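Here is final-v2.cif, consisting of mmCIF, C-alpha atoms:
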```cif
data_query
#
loop_
_atom_site.label_atom_id
_atom_site.label_comp_id
_atom_site.auth_asym_id
_atom_site.auth_seq_id
_atom_site.Cartn_x
_atom_site.Cartn_y
_atom_site.Cartn_z
CA PHE A 13 21.98 -7.17 6.98
CA PHE A 14 23.76 -9.91 5.04
CA PHE A 15 25.69 -12.62 6.87
CA GLN A 16 27.97 -15.33 5.54
CA ALA A 17 27.11 -18.69 7.08
CA GLU A 18 30.60 -20.14 7.38
CA ASP A 19 29.56 -23.81 7.52
CA GLY A 20 26.17 -23.37 5.89
CA ILE A 21 22.81 -24.01 7.46
CA ARG A 22 22.31 -27.73 7.18
CA ASP A 23 19.44 -28.42 9.52
CA SER A 24 16.61 -29.91 7.46
CA SER A 25 14.06 -27.80 9.28
CA VAL A 26 15.33 -24.56 7.71
CA THR A 27 16.24 -25.68 4.20
CA GLY A 28 13.00 -24.35 2.77
CA VAL A 29 9.53 -23.06 3.44
CA GLN A 30 7.49 -25.98 4.71
CA THR A 31 4.23 -25.07 3.04
CA CYS A 32 3.33 -28.73 2.76
CA ALA A 33 2.60 -28.77 6.49
CA LEU A 34 -0.47 -26.56 6.18
CA PRO A 35 -2.87 -29.11 4.64
CA ILE A 36 -2.78 -31.23 7.81
CA PHE A 37 -4.84 -28.55 9.58
CA LYS A 38 -8.57 -28.46 9.19
CA ASP A 39 -9.69 -25.79 6.75
CA GLN A 40 -11.30 -23.77 9.51
CA THR A 41 -8.17 -23.73 11.64
CA ARG A 42 -6.02 -22.76 8.68
CA ASP A 43 -8.38 -19.96 7.65
CA GLU A 44 -8.26 -18.57 11.19
CA LEU A 45 -4.50 -18.77 11.69
CA LEU A 46 -3.17 -17.83 8.27
CA PRO A 47 -4.38 -14.19 8.22
CA LYS A 48 -2.87 -13.68 11.67
CA ALA A 49 0.44 -15.13 10.51
CA LEU A 50 0.59 -12.70 7.60
CA LEU A 51 -0.13 -9.59 9.68
CA LYS A 52 2.68 -7.09 10.06
CA SER A 53 4.43 -7.31 13.41
CA ASP A 54 7.73 -6.59 15.06
CA ARG A 55 9.05 -10.01 14.15
CA THR A 56 12.39 -10.18 12.38
CA THR A 57 12.31 -12.13 9.13
CA ALA A 58 15.20 -13.69 7.24
CA VAL A 59 15.91 -15.53 4.00
CA TYR A 60 18.70 -18.07 3.59
CA LEU A 61 20.23 -18.15 0.11
CA LEU A 62 21.47 -21.72 -0.12
CA GLN A 63 23.72 -21.50 -3.20
CA GLU A 64 25.30 -18.24 -2.02
CA ASN A 65 25.52 -19.46 1.59
CA VAL A 66 24.22 -16.06 2.69
CA LEU A 67 21.66 -15.29 5.37
CA ALA A 68 19.74 -12.06 4.74
CA VAL A 69 18.20 -10.70 7.94
CA GLY A 70 15.42 -8.16 7.48
CA THR A 71 16.58 -5.32 9.72
CA THR A 72 19.00 -2.39 9.64
CA SER A 73 19.65 -2.68 13.39
CA GLU A 74 22.84 -4.52 14.30
CA THR A 75 21.43 -5.29 17.76
CA ARG A 76 18.25 -6.78 16.35
CA ALA A 77 20.16 -8.78 13.74
CA GLU A 78 22.44 -10.25 16.40
CA ARG A 79 19.46 -11.08 18.61
CA PHE A 80 17.91 -12.94 15.67
CA LEU A 81 21.13 -14.90 15.14
CA GLU A 82 21.23 -15.85 18.81
CA VAL A 83 17.71 -17.28 18.59
CA LEU A 84 18.62 -19.16 15.42
CA ARG A 85 21.76 -20.57 17.05
CA ALA A 86 19.69 -21.78 19.98
CA ALA A 87 17.32 -23.56 17.60
CA LEU A 88 20.04 -25.14 15.45
CA GLY A 89 22.59 -25.87 18.15
CA ARG A 90 25.38 -24.16 16.22
CA LEU A 91 25.61 -21.41 13.62
CA ASP A 92 28.87 -19.66 12.79
CA THR A 93 28.35 -16.43 10.88
CA LYS A 94 30.19 -13.28 9.96
CA PRO A 95 29.07 -10.12 8.17
CA LEU A 96 29.16 -10.53 4.41
CA ALA A 97 32.47 -9.00 3.33
CA PHE A 98 34.04 -8.02 0.03
CA GLU A 99 37.55 -7.29 -1.22
CA ARG A 100 36.76 -3.56 -1.29
CA PRO A 101 34.59 -1.54 1.12
CA LEU A 102 30.94 -0.83 0.43
CA SER A 103 31.68 2.88 0.79
CA GLU A 104 33.55 2.62 -2.51
CA LEU A 105 30.39 1.38 -4.23
CA LEU A 106 28.34 4.23 -2.77
CA VAL A 107 30.80 6.77 -4.13
CA ARG A 108 30.89 5.11 -7.56
CA ILE A 109 27.12 5.17 -7.90
CA PHE A 110 26.91 8.75 -6.61
CA SER A 111 29.66 9.85 -9.02
CA GLY A 112 27.84 8.44 -12.05
CA ASP A 113 30.08 5.39 -12.44
CA ALA A 114 27.56 2.80 -11.27
CA PRO A 115 28.31 -0.90 -11.93
CA PRO A 116 25.89 -2.87 -14.13
CA LYS A 117 22.29 -3.02 -12.82
CA PHE A 118 22.91 -0.37 -10.14
CA ALA A 119 21.36 3.09 -10.44
CA MET A 120 21.22 6.07 -8.10
CA GLY A 121 17.97 6.87 -6.34
CA THR A 122 16.72 10.13 -4.86
CA GLU A 123 18.00 9.94 -1.29
CA CYS A 124 21.35 10.12 0.47
CA ARG A 125 22.91 10.95 3.80
CA MET A 126 26.32 12.48 4.48
CA ARG A 127 28.26 13.24 7.63
CA ASP A 128 31.08 15.55 8.56
CA ARG A 129 34.35 13.63 8.72
CA ALA A 130 35.52 15.79 11.62
CA GLU A 131 32.26 15.62 13.58
CA ALA A 132 30.35 12.35 13.18
CA ARG A 133 27.18 13.77 14.75
CA SER A 134 27.00 16.49 12.13
CA SER A 135 25.12 15.12 9.13
CA VAL A 136 22.81 16.15 6.31
CA ARG A 137 20.09 14.14 4.58
CA TRP A 138 18.62 14.64 1.13
CA GLN A 139 15.30 13.01 0.25
CA HIS A 140 13.24 12.97 -2.94
CA VAL A 141 15.67 15.22 -4.77
CA ASP A 142 17.84 15.03 -7.86
CA LEU A 143 21.19 14.04 -6.37
CA THR A 144 23.04 15.41 -9.38
CA GLN A 145 22.21 18.97 -8.30
CA ALA A 146 25.19 21.21 -7.63
CA ASN A 147 24.27 21.96 -4.02
CA VAL A 148 24.19 18.23 -3.24
CA ARG A 149 27.53 17.60 -4.94
CA ARG A 150 29.09 20.54 -3.13
CA CYS A 151 28.76 18.70 0.18
CA ILE A 152 31.12 15.98 -1.04
CA LYS A 153 33.55 18.57 -2.40
CA ASP A 154 33.48 20.27 1.00
CA GLY A 155 34.70 17.05 2.58
CA MET A 156 31.55 15.33 3.81
CA GLU A 157 31.41 11.54 3.78
CA LEU A 158 28.66 9.63 1.97
CA THR A 159 27.17 7.09 4.41
CA HIS A 160 23.78 6.20 2.88
CA LEU A 161 22.61 6.21 -0.71
CA GLY A 162 19.26 5.45 -2.29
CA LEU A 163 19.62 3.06 -5.18
CA GLU A 164 17.76 0.89 -7.62
CA PHE A 165 18.92 -2.51 -8.75
CA GLY A 166 18.02 -4.21 -11.99
CA GLY A 167 14.70 -2.41 -12.19
CA VAL A 168 13.28 -4.88 -9.64
CA MET A 169 14.18 -3.41 -6.25
CA SER A 170 14.98 -0.16 -4.53
CA GLY A 171 16.29 0.79 -1.12
CA VAL A 172 18.84 2.81 0.83
CA LEU A 173 22.22 1.11 1.17
CA ASP A 174 24.60 2.16 3.92
CA ALA A 175 28.34 1.70 4.23
CA ASN A 176 27.85 -1.20 6.67
CA GLY A 177 25.85 -3.27 4.19
CA ALA A 178 22.36 -2.69 5.60
CA ILE A 179 19.51 -1.87 3.23
CA GLY A 180 16.68 0.29 4.53
CA LYS A 181 13.38 1.07 2.81
CA PHE A 182 13.73 -2.18 0.86
CA LYS A 183 11.05 -2.48 -1.80
CA LEU A 184 10.35 -4.95 -4.59
CA GLU A 185 9.29 -2.77 -7.49
CA SER A 186 7.58 -5.57 -9.43
CA LEU A 187 5.38 -6.58 -6.51
CA GLU A 188 1.87 -5.25 -7.06
CA GLU A 189 -1.28 -5.56 -5.03
CA PRO A 190 -4.00 -7.60 -6.78
CA PRO A 191 -7.12 -5.74 -7.91
CA ASP A 192 -9.90 -5.54 -5.35
CA ASP A 193 -12.17 -7.71 -7.48
CA VAL A 194 -9.59 -10.51 -7.78
CA ALA A 195 -9.50 -13.07 -4.99
CA GLU A 196 -6.03 -14.39 -4.22
CA GLU A 197 -5.10 -17.23 -1.91
CA PRO A 198 -2.90 -15.74 0.86
CA LEU A 199 -0.59 -18.75 0.90
CA ALA A 200 -0.12 -18.65 -2.87
CA ARG A 201 0.72 -14.94 -2.67
CA PHE A 202 3.17 -15.58 0.17
CA ASP A 203 4.94 -18.27 -1.89
CA ALA A 204 5.14 -15.93 -4.89
CA GLU A 205 6.51 -13.07 -2.77
CA LEU A 206 9.08 -15.36 -1.17
CA ALA A 207 10.26 -16.64 -4.55
CA LEU A 208 10.54 -13.08 -5.89
CA LEU A 209 12.38 -11.89 -2.78
CA GLY A 210 14.82 -14.79 -2.85
CA GLY A 211 15.59 -14.35 -6.54
CA THR A 212 16.10 -10.61 -6.15
CA LEU A 213 18.45 -11.02 -3.17
CA ARG A 214 20.49 -13.63 -5.04
CA GLN A 215 20.95 -11.20 -7.94
CA LEU A 216 21.83 -8.40 -5.54
CA VAL A 217 24.49 -10.45 -3.73
CA ALA A 218 25.95 -11.47 -7.10
CA GLY A 219 25.97 -7.81 -8.20
CA LEU A 220 27.72 -6.69 -5.01
CA ARG A 221 30.33 -9.42 -5.35
CA GLN A 222 30.95 -8.51 -8.96
CA ALA A 223 31.29 -4.81 -8.15
CA LEU A 224 33.45 -5.15 -5.01
CA GLY A 225 35.10 -8.55 -5.38
CA GLN A 226 34.29 -11.67 -3.41
CA GLU A 227 36.34 -12.09 -0.27
#
```
Will you turn the file into structure tokens for me?
Amino acid sequence: FFFQAEDGIRDSSVTGVQTCALPIFKDQTRDELLPKALLKSDRTTAVYLLQENVLAVGTTSETRAERFLEVLRAALGRLDTKPLAFERPLSELLVRIFSGDAPPKFAMGTECRMRDRAEARSSVRWQHVDLTQANVRRCIKDGMELTHLGLEFGGVMSGVLDANGAIGKFKLESLEEPPDDVAEEPLARFDAELALLGGTLRQLVAGLRQALGQE
């Protein structure tokens, strides 16, 4: 989810990744703790885009995103946020991309979900298929509503965007695992991944604002 930080996040403790703090640990302690810190877990991650004043929270669950914001508010003392909004609804962008009228840098993927306008619980999902096929298009002509759409952006990321602004199955396409015979410092890789993620999200927010208008 994307959130607009209304007054910005000004606390110095969250203005950047404090990698400079690691050298104060003894090498042994760092080597023991760093692999554990990089393990996958159920933690919720987030990236704050300073220039855009946007907080990107890494979950598609509204409940989990709000719980993350509550913890962040407790740490900062105050944090006023609202969902990132545009002049036109995100559903309009989904339809444009699906209809072949995608804005610059956006391209349709191979997955979508639709629901019956009359019965919200009635839905259909298409995965790993050519969404230009007639039987897929027929669902829209029959009155179903497009709620999720797989997309690619700028050749650098892919995911499934829903009408509420959440992006599932987020993937950085240019991020590759190093060869087995190449040793890579975990911290250096983390810094590189963070820089790539931040730059990609900044471009994505700019693309969404250009396509839908900035509120």
> If I put a ball of radius 10 Å at (14.2, -1.1, 4.5) in the file's coordinates, which residues poke into it when counting only C-alpha atoms, written as a ChimeraX atom specification?
Replying inline: /A:70-72,170-173,178-183
Quick one: what's the axis-aligned box for stretch 117-133 of chain A, all listed atoms, 5 Å on every side, centre and edges in Å to one decimal, as lines of an AutoDock Vina configuration file?
```
center_x = 26.1
center_y = 6.4
center_z = 1.0
size_x = 28.8
size_y = 28.8
size_z = 37.6
```
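Each of A:Arg221, A:Arg79, A:Arg90, A:Arg150 was compared to A:Pro116 using only C-alpha atoms, and A:Arg221 turns out to be the nearest.
Comparing A:Glu185, A:Glu164, A:Asp174, A:Glu227 by their smallest distance to A:Leu102, the closest is A:Asp174 (using all atoms listed in the file).
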>> Given only C-alpha atoms as the basis, pick out the residue of A:Ser186, A:Ser134, A:Gln16, A:Ser103 nearest to A:Gln63.
In response: A:Gln16
>> With all atoms listed in the file as the counted atoms, please give the residues lying no more than 10 Å from stretch 158-160 of chain A, apart from itself and same-chain residues fewer than 6 positions off, as a PyMOL selection string.
In response: chain A and resi 102-104+106-107+110+123-129+135-137+151-152+172-180
